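Written below as structure tokens is the structure these notes are about.
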Amino acid sequence: MHMSDALLSPAVGGAMWAGTLGTIAYCSKKVRTEADDQVPPLMGVTGAFVFAAQMINFTIPGTGSSGHLAGGMLLAILLGPHAAFLVMASVLIIQALLFADGGLLALGCNIWNLGMYACFIAYPLIYAPLVRRHRTPGRILLASLASAIVALQLGAFSVVLETVVSGRSDISLGLFALLMQPIHLAIGAVEGVITAGVVNYVRKLQPEALVHTGMTRRVPGGRLKTLTLAFLFLALVTGGVFSWFASANPDGLEWALQRITGAAEIPEHTTGIGATLRALQAKLAILPDYTFKPDAPPKAEASRESLAWPHVDVGTTVAGMVGVAMMITLMFVVGVGIRALRKRAARG
Amino acid sequence: MSHHFIEFADVAFRYPDGTPALQGVSFRVTHGESVGIVGANGAGKSTLVLQMNGCLLPSAGRIRIGDLEMTPGTRQEIRKKVGVVFQNPDDQLFMPRVFDDVAFGPINLGMAPERVAERVRSALATVGCAHLEQKPPHHLSGGQKRAVAIAAVLAMAPDILVMDEPSADLDPRSRRQLIGLLQSFRHSKIIASHDLDLILDVCDRCLVLRDGRLAADGSAADILTDQRLLEANHLELPLSLQTGRERRPRAGAPSFS
Amino acid sequence: MHRFDLGALDRLAYGDSPLHRLDPRTKVLVTAAFVVTVVSFPKYEIAGLIPCFLVPVLALLLGGIPAAPILKRILGASVFVICVGALNPLLDTEVLHRFGSVSISAGWVSFGSILLKYVLTMSVLLLLVATTSFPGIARALGRVGVPAVFVNQLVFLYRFLFVLLAEAQRMVLARDLRAFDGRGRGLRVTAQLLGTLCMRTVERAQRIYQAMCSRGFSGRLPSVGSARLRMADWACLSLMALLLILLRNYDLVGAVGQHLVQIF
């Protein structure tokens with residue numbers, strides 16, 4: 001379920017990084033101000049535990065193939081949502097850097113996909129309420145199953161969205177979703193069962209380990225969170241407005257290709273895998289007329305069309321919003337970096 | 001000078017689940033002494049070690065380190081005087097490079113960076129690991145990790161050095177080097193160990209623990225040559241003193257503590 | 001998913017070369033900029049990506065990194081990309097090029113582009129790790145403003161990663177030695193193994209906490225030191241910026257081809 005750089009556009013990658021960094025900042029603050037001293041070493045070691053746990057593979061009943069624990073839900077249960085998100089982020093960063101699982105730009109997507117839904121949607125909205133009153137093994141199993149399945153479904157769908165919006169792959173939303181969602185339904189079920197198994201085992205033998213230390217106080221609001229959300233909202237609005245004014249000049253290579261290929265007719269395959277897939281895709285296409293592909297192959301007609309300015313198009317708007325979000329984030333990061341460097345220079 | 005001492009007065013300790021671990025333990029270690037703590041598994045050696053710098057607080061009785069009594073409020077201060085090296089070096093080397101680990105203590109003591117660097121280098125030189133400064137702990141061998149863990153505590157310049165099973169997992173040569181190192185230290189030393197030969201080589205005095213109580217307290221030379229006393233406390237003569245008769249298997253089914 | 005040959009890249013990171021000696025911040029920035037540049041090439045770009053290989057090849061040479069472990073990992077991690085990318089030739093069949101009787105569809109071009117981008121981005125990422133120790137990268141992040149809590153988490157995780165992996169390896173081995181005919185590897189046993197590892201993890205965390213307190217830890221983790229960027233770092237950053245602008249905006253392959261055609 002790990003995204004790859006090659007399938008991403010800078011806009012989508014940047015936007016997801018912006019979201020992830022904002023969440024990391026928020027969670028770091030929460031942990032710093034609310035968690036007790038024991039949490040940092042615990043976080044470090046449980047992160048290593050997630051890795052180690054992924055080494056322990058098992059045979060999935062009925063299929064014979066082997067699988068392993070992803071760990072997002074277990075982390076949230078052990079540490080609470082904020083610390084768990086940080087641990088998940090750190091695990092994915094190490095996976096990307098030391099084990100080449102996923103790329104640098106795609107890291108932002110992966111951390112979001114695997115951390116956000118488990119920690120901030122599935123855990124607080126599904127697991128915690130179900131388990132709050134009756135902490136029985138049965139309840140825990142039910143809660144784990146439900147939350148793991150939901151978390152993985154949301155994560156898998158995010159991968160689909162990110163790929164489709166990036167436009168590097170030709171796969172349609174519908175087709176990709178059809179491939180990803182059912183698989184992750186099964187993976188989610190297994191994850192839920194194993195998580196429940198571990199939780200129940202530890203509860204039986206060492207219940208005090210499950211009290212996620214010191215994170216149970218609720219602090220209302222939190223200015224950093226509001227600021228981050230406001231920032232993201234502004235970026236999206238700006239991007240949406242600006243993209244309407246973006247002209248649609250075909251790229252250099254495509255322009256050259258148009259001249260070479262001229263008004264050649266496009267032969268379509270009527271048999272074979274391609275035809276089957278295309279037919280399937282057409283049936284599943286949810287929004288067939290939406291331009292989710294900013295880089296469409298050059299069509300002879302396009303060169304003759306003159307596009308009105310401003311160019312109002314929903315597909316471009318999405319891409320535009322996302323692009324501006326990335327630009328602003330990059331500027332923000334560079335700005336922070338420069339400020340930090342200046343501070344060091346001033347201190348001497 | 002005279003205020004570097006550890007005193008246990010009728011100390012008892014019970015784990016949260018009720019298991020009694022120590023009962024009525026009383027002794028005093030004064031400046032410059034080197035004391036060994038021996039006993040079977042489960043006798044309470046590690047628990048006793050954890051009491052010495054406040055990781056565990058006594059359920060009854062009093063502990064004094066110099067003019068400070070051990071309380072939750074004073075234990076931070078006590079930790080500046082009592083340095084504890086735990087059994088598992090992997091639990092104690094938690095920074096990404098050796099230098100950072102050894103610097104952790106001095107930095108927390110509030111020293112300036114140049115002094116920290118000085119302390120680190122001298123501590124690593126003492127244990128013969130100066131060349132390992134930039135290495136990450138997981139690239140070190142068992143013996144090297146142990147040496148660095150000791151350096152990490154030495155860098156804080158404690159008055160009293162406490163060690164729990166320092167020679168475990170060491171190959172014979174590293175063990176010999178460790179013994180030499182311990183013999184060269186001028187600190188007051190308290191060493192809990194199964195390695196009775198090490199205690200014999202390094203310590204003047206010996207405390208014997210059995211089932212949480214102090215069974216004997218006297219000179220190491222006397223206690224560690226007293227075969228009857230040792231066997232009554234689930235121990236044996238140090239290997240270097242055994243003649244061969246002791247090595248015959250005993251009667252009855254084995255039972256491990 | 002994980003191979004048991006952990007740490008090979010990690011070991012390379014502690015070597016010495018001009019590249020190793022650059023500040024981690026420089027290397028992280030340069031890698032990120034390169035990745036974004038490569039990924040920003042449009043969907044059907046092939047020619048423009050070729051000169052980009054200059055960067056990983058130079059890094060490989062300057063850093064003294066053997067090519068084999070890098071290539072192995074690139075190959076090993078390529079499954080997802082290949083699977084998704086390979087759908088392009090099936091779904092997008094407009095013809096873009098014709099060489100005599102051979103016609104190449106747009107789908108194959110975009111698939112090729114995806115593969116090239118994958119190799120480029122993955123190789124620089126691996127080279128970053130191979131020339132910069134992970135704690136170095138974590139420190140670099142701390143210096144550009146990533147919260148201390150998170151930087152310390154990265155550092156702790158890295159430290160205990162190998163310890164826990166070794167422990168899990170031993171447990172798996174112990175299980176496998178007593179598991180036969182597919183029994184003993186089911187969900188229930190796995191949950192128990194994981195539960196045991198989990199408890200040991202929590203206990204280990206407690207012992208580490210004790211060791212930290214014994215050396216004066218009072219809640220504040222040591223902060224990242226500051227260091228100036230050296231001349232070599234600034235040179236690298238500026239060169240890289242120039243190179244990326246060049247690569248992204250100029251058709252180098254075309255220019256070279258034209259010159260060669262003119263010569264002959």
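As shown in the structure tokens, the chain order sets the letters A, B, ...; within each chain, residues go from 1, and ligands are also counted from 1 in the order they appear.
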Please check the contacts: residues of chain B at most 6 Å away from chain C, using only C-alpha atoms, listed as a list in words. Arg79, Asp91, Gln92, Pro96, Gly105 and Asn108 of chain B
Contact residues (chain B, partner chain A, 12 Å, only C-alpha atoms) as an MDAnalysis selection string: chainID B and resid 16:17 90:95
(Q) Tell me as a VMD selection string which residues belonging to chain C come within 6 Å of chain A, counting only C-alpha atoms. (A) chain C and resid 36 39 to 40 43 88 90 to 91 94 114 117 to 118 144 149 153 to 154 156 to 157 160 to 161 164 to 165 168 185 to 186 191 195 205 219
Go ahead and write the selection's residues with N, CA and C atoms as an mmCIF file, in the first residue's frame.
```cif
data_model
loop_
_atom_site.group_PDB
_atom_site.id
_atom_site.type_symbol
_atom_site.label_atom_id
_atom_site.label_comp_id
_atom_site.auth_asym_id
_atom_site.auth_seq_id
_atom_site.Cartn_x
_atom_site.Cartn_y
_atom_site.Cartn_z
ATOM 1 N N VAL C 36 11.675 16.237 -6.506
ATOM 2 C CA VAL C 36 10.565 17.069 -6.973
ATOM 3 C C VAL C 36 10.748 17.424 -8.441
ATOM 4 N N VAL C 39 9.970 14.364 -10.644
ATOM 5 C CA VAL C 39 8.550 14.050 -10.623
ATOM 6 C C VAL C 39 7.743 15.106 -11.372
ATOM 7 N N SER C 40 8.310 16.297 -11.527
ATOM 8 C CA SER C 40 7.560 17.358 -12.199
ATOM 9 C C SER C 40 7.602 17.229 -13.713
ATOM 10 N N LYS C 43 3.951 13.631 -18.085
ATOM 11 C CA LYS C 43 3.641 12.211 -18.116
ATOM 12 C C LYS C 43 4.382 11.464 -19.218
ATOM 13 N N ASN C 88 -0.728 1.147 -17.923
ATOM 14 C CA ASN C 88 -0.777 2.241 -18.894
ATOM 15 C C ASN C 88 -0.768 1.767 -20.337
ATOM 16 N N LEU C 90 -1.851 -0.796 -21.481
ATOM 17 C CA LEU C 90 -3.084 -1.478 -21.808
ATOM 18 C C LEU C 90 -4.249 -0.506 -21.955
ATOM 19 N N LEU C 91 -4.158 0.590 -21.242
ATOM 20 C CA LEU C 91 -5.295 1.489 -21.212
ATOM 21 C C LEU C 91 -5.171 2.664 -22.177
ATOM 22 N N GLU C 94 -3.213 5.319 -27.800
ATOM 23 C CA GLU C 94 -2.972 6.249 -28.913
ATOM 24 C C GLU C 94 -1.527 6.145 -29.344
ATOM 25 N N ILE C 114 7.412 6.464 -16.246
ATOM 26 C CA ILE C 114 7.229 6.083 -14.837
ATOM 27 C C ILE C 114 8.421 5.289 -14.343
ATOM 28 N N LYS C 117 11.446 7.516 -13.890
ATOM 29 C CA LYS C 117 11.293 8.364 -12.706
ATOM 30 C C LYS C 117 11.502 7.540 -11.442
ATOM 31 N N TYR C 118 11.006 6.312 -11.469
ATOM 32 C CA TYR C 118 11.165 5.464 -10.290
ATOM 33 C C TYR C 118 12.637 5.215 -10.002
ATOM 34 N N VAL C 144 16.330 22.195 10.715
ATOM 35 C CA VAL C 144 15.474 23.031 9.859
ATOM 36 C C VAL C 144 14.091 23.213 10.439
ATOM 37 N N VAL C 149 10.502 16.737 19.654
ATOM 38 C CA VAL C 149 9.870 15.476 20.057
ATOM 39 C C VAL C 149 9.974 14.460 18.919
ATOM 40 N N GLN C 153 12.223 11.016 18.531
ATOM 41 C CA GLN C 153 11.551 9.757 18.233
ATOM 42 C C GLN C 153 12.297 9.021 17.119
ATOM 43 N N LEU C 154 12.688 9.737 16.087
ATOM 44 C CA LEU C 154 13.425 9.108 14.991
ATOM 45 C C LEU C 154 14.725 8.516 15.503
ATOM 46 N N PHE C 156 15.579 7.599 18.663
ATOM 47 C CA PHE C 156 15.353 6.431 19.525
ATOM 48 C C PHE C 156 14.967 5.209 18.708
ATOM 49 N N LEU C 157 14.057 5.425 17.757
ATOM 50 C CA LEU C 157 13.586 4.318 16.931
ATOM 51 C C LEU C 157 14.761 3.658 16.233
ATOM 52 N N PHE C 160 16.946 1.526 18.588
ATOM 53 C CA PHE C 160 16.442 0.240 19.076
ATOM 54 C C PHE C 160 15.921 -0.676 17.993
ATOM 55 N N LEU C 161 15.922 -0.164 16.785
ATOM 56 C CA LEU C 161 15.442 -0.946 15.667
ATOM 57 C C LEU C 161 16.158 -2.276 15.568
ATOM 58 N N LEU C 164 15.521 -4.769 18.493
ATOM 59 C CA LEU C 164 14.252 -5.476 18.476
ATOM 60 C C LEU C 164 14.133 -6.403 17.279
ATOM 61 N N LEU C 165 14.693 -6.016 16.158
ATOM 62 C CA LEU C 165 14.661 -6.898 14.995
ATOM 63 C C LEU C 165 15.393 -8.196 15.302
ATOM 64 N N ALA C 168 13.137 -10.265 17.467
ATOM 65 C CA ALA C 168 12.047 -10.879 16.709
ATOM 66 C C ALA C 168 12.565 -12.017 15.852
ATOM 67 N N ARG C 185 1.942 -21.820 12.772
ATOM 68 C CA ARG C 185 2.211 -20.486 12.234
ATOM 69 C C ARG C 185 0.935 -19.689 12.066
ATOM 70 N N GLY C 186 -0.118 -20.124 12.706
ATOM 71 C CA GLY C 186 -1.407 -19.487 12.484
ATOM 72 C C GLY C 186 -1.550 -18.157 13.210
ATOM 73 N N ALA C 191 -0.344 -13.994 17.287
ATOM 74 C CA ALA C 191 -0.802 -13.003 18.268
ATOM 75 C C ALA C 191 -0.071 -13.182 19.587
ATOM 76 N N GLY C 195 2.293 -10.595 21.274
ATOM 77 C CA GLY C 195 1.976 -10.147 22.622
ATOM 78 C C GLY C 195 3.191 -10.216 23.525
ATOM 79 N N ALA C 205 11.340 -0.572 27.670
ATOM 80 C CA ALA C 205 11.182 0.886 27.739
ATOM 81 C C ALA C 205 11.320 1.360 29.181
ATOM 82 N N GLY C 219 13.363 15.008 31.863
ATOM 83 C CA GLY C 219 12.238 15.343 31.006
ATOM 84 C C GLY C 219 12.648 16.087 29.752
#
```
Original post:
Leaving out Pro56 (chain C) and any residue of its chain fewer than 6 positions from it, which residues lie within 8 Å of it when counting only C-alpha atoms, given as a list in words?
Top reply: Leu120, Ser123, Val124 and Leu127 of chain C
The distance between CA of Thr23 (chain A) and CA of Thr201 (chain C) is 26.2 Å
- [ ] Would you mind reading off the distance between CA of Gly64 (chain C) and CA of Leu125 (chain C), one decimal, in Å?
- [x]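 CA of Leu125 (chain C) lies at a distance of 15.7 Å from CA of Gly64 (chain C).
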- region 71-76 of chain B surroundings by only C-alpha atoms, 10 Å radius, close-in-sequence under 4 positions cut, as a ChimeraX atom specification: /B:52-58,62-65,80-82 /C:213-218
Close residues, Arg146 (chain B) itself excluded, 7 Å, only C-alpha atoms, min 4 positions apart in chain, as an mmCIF file with N, CA and C atoms, in the first residue's frame:
```cif
data_model
loop_
_atom_site.group_PDB
_atom_site.id
_atom_site.type_symbol
_atom_site.label_atom_id
_atom_site.label_comp_id
_atom_site.auth_asym_id
_atom_site.auth_seq_id
_atom_site.Cartn_x
_atom_site.Cartn_y
_atom_site.Cartn_z
ATOM 1 N N PRO B 89 23.663 -3.667 28.666
ATOM 2 C CA PRO B 89 24.152 -2.419 28.069
ATOM 3 C C PRO B 89 23.194 -1.841 27.033
ATOM 4 N N GLY B 142 29.665 -6.979 22.231
ATOM 5 C CA GLY B 142 29.154 -7.009 23.608
ATOM 6 C C GLY B 142 30.111 -6.377 24.600
ATOM 7 N N ILE B 150 29.956 1.677 30.906
ATOM 8 C CA ILE B 150 30.707 2.093 32.089
ATOM 9 C C ILE B 150 31.223 3.517 31.905
#
```
**OP:** Using DSSP on the backbone, list every residue of region 8-219 of chain B that comes out as helix (DSSP H, G or I), and give them as a PyMOL selection string.
**Re:** chain B and resi 45-51+75-78+89-92+98-108+113-126+130-132+137-139+142-154+172-184+196-202
Keeping C-alpha atoms for every residue in the selection just given, could you write it to a file as an mmCIF file, in the first residue's frame?
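The resulting file, result.cif, is shown below:
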```cif
data_model
loop_
_atom_site.group_PDB
_atom_site.id
_atom_site.type_symbol
_atom_site.label_atom_id
_atom_site.label_comp_id
_atom_site.auth_asym_id
_atom_site.auth_seq_id
_atom_site.Cartn_x
_atom_site.Cartn_y
_atom_site.Cartn_z
ATOM 1 C CA LYS B 45 20.657 -8.382 44.238
ATOM 2 C CA SER B 46 19.217 -6.374 41.366
ATOM 3 C CA THR B 47 16.461 -4.981 43.551
ATOM 4 C CA LEU B 48 19.071 -3.825 46.030
ATOM 5 C CA VAL B 49 21.031 -2.142 43.244
ATOM 6 C CA LEU B 50 17.921 -0.297 42.063
ATOM 7 C CA GLN B 51 17.423 1.063 45.562
ATOM 8 C CA ARG B 75 16.996 11.283 44.288
ATOM 9 C CA GLN B 76 17.933 13.543 41.376
ATOM 10 C CA GLU B 77 20.672 15.014 43.540
ATOM 11 C CA ILE B 78 21.728 11.561 44.747
ATOM 12 C CA PRO B 89 24.152 -2.419 28.069
ATOM 13 C CA ASP B 90 21.505 -2.181 25.354
ATOM 14 C CA ASP B 91 19.188 -0.600 27.872
ATOM 15 C CA GLN B 92 21.744 2.033 28.730
ATOM 16 C CA VAL B 98 28.816 6.544 21.491
ATOM 17 C CA PHE B 99 29.853 10.149 22.007
ATOM 18 C CA ASP B 100 26.240 11.219 22.538
ATOM 19 C CA ASP B 101 25.616 8.446 25.053
ATOM 20 C CA VAL B 102 28.657 9.253 27.152
ATOM 21 C CA ALA B 103 27.834 12.968 26.896
ATOM 22 C CA PHE B 104 24.241 12.462 28.050
ATOM 23 C CA GLY B 105 25.084 12.530 31.747
ATOM 24 C CA PRO B 106 27.450 15.524 31.706
ATOM 25 C CA ILE B 107 25.021 17.515 29.570
ATOM 26 C CA ASN B 108 22.259 16.832 32.080
ATOM 27 C CA PRO B 113 29.996 21.868 25.732
ATOM 28 C CA GLU B 114 33.804 22.043 25.874
ATOM 29 C CA ARG B 115 33.886 20.514 29.351
ATOM 30 C CA VAL B 116 31.414 17.870 28.223
ATOM 31 C CA ALA B 117 33.687 16.925 25.344
ATOM 32 C CA GLU B 118 36.648 16.740 27.737
ATOM 33 C CA ARG B 119 34.775 14.472 30.114
ATOM 34 C CA VAL B 120 33.587 12.228 27.311
ATOM 35 C CA ARG B 121 37.046 11.805 25.857
ATOM 36 C CA SER B 122 38.649 11.091 29.188
ATOM 37 C CA ALA B 123 35.950 8.594 30.183
ATOM 38 C CA LEU B 124 36.256 6.750 26.872
ATOM 39 C CA ALA B 125 40.035 6.741 27.170
ATOM 40 C CA THR B 126 39.784 5.220 30.658
ATOM 41 C CA ALA B 130 38.421 6.329 22.543
ATOM 42 C CA HIS B 131 38.408 5.083 18.941
ATOM 43 C CA LEU B 132 34.712 4.199 19.137
ATOM 44 C CA PRO B 137 25.988 1.404 19.578
ATOM 45 C CA HIS B 138 24.552 -1.340 17.395
ATOM 46 C CA HIS B 139 27.863 -1.654 15.603
ATOM 47 C CA GLY B 142 29.154 -7.009 23.608
ATOM 48 C CA GLY B 143 32.380 -6.175 25.404
ATOM 49 C CA GLN B 144 32.627 -2.788 23.755
ATOM 50 C CA LYS B 145 29.037 -1.974 24.685
ATOM 51 C CA ARG B 146 29.728 -2.832 28.258
ATOM 52 C CA ALA B 147 32.834 -0.666 28.320
ATOM 53 C CA VAL B 148 30.965 2.257 26.807
ATOM 54 C CA ALA B 149 28.130 1.839 29.324
ATOM 55 C CA ILE B 150 30.707 2.093 32.089
ATOM 56 C CA ALA B 151 32.252 5.154 30.432
ATOM 57 C CA ALA B 152 28.817 6.750 30.248
ATOM 58 C CA VAL B 153 28.564 6.537 34.031
ATOM 59 C CA LEU B 154 32.212 7.463 34.682
ATOM 60 C CA PRO B 172 37.615 -14.311 28.977
ATOM 61 C CA ARG B 173 39.907 -11.616 27.681
ATOM 62 C CA SER B 174 37.351 -8.819 27.970
ATOM 63 C CA ARG B 175 36.523 -10.080 31.424
ATOM 64 C CA ARG B 176 40.145 -9.911 32.452
ATOM 65 C CA GLN B 177 40.372 -6.367 31.117
ATOM 66 C CA LEU B 178 37.242 -5.428 33.052
ATOM 67 C CA ILE B 179 38.761 -6.772 36.266
ATOM 68 C CA GLY B 180 41.899 -4.742 35.642
ATOM 69 C CA LEU B 181 39.804 -1.650 35.025
ATOM 70 C CA LEU B 182 37.769 -2.092 38.204
ATOM 71 C CA GLN B 183 40.900 -2.639 40.225
ATOM 72 C CA SER B 184 42.251 0.674 38.973
ATOM 73 C CA LEU B 196 32.549 -14.911 42.525
ATOM 74 C CA ASP B 197 36.055 -14.941 41.146
ATOM 75 C CA LEU B 198 35.671 -11.357 40.003
ATOM 76 C CA ILE B 199 34.431 -10.370 43.450
ATOM 77 C CA LEU B 200 37.377 -12.114 44.972
ATOM 78 C CA ASP B 201 39.776 -10.202 42.703
ATOM 79 C CA VAL B 202 38.179 -6.801 43.026
#
```
Practice item. For Leu185 (chain A), please output as number ranges by chain all residues within 6 Å (counting only C-alpha atoms; exclusion window: fewer than 3 positions along the same chain). Key: A: 149, 182, 188
Restricting the output to C-alpha atoms, write the selected residues as a tab-separated table (two decimals), in the first residue's frame.
```tsv
chain	number	residue	atom	x	y	z
A	149	ILE	CA	-11.13	-2.27	8.43
A	182	PRO	CA	-11.49	-5.54	-1.58
A	188	GLY	CA	-8.02	-4.99	7.48
```
CA of Glu7 (chain B) sits from CA of Thr30 (chain B) at a separation of 8.4 Å
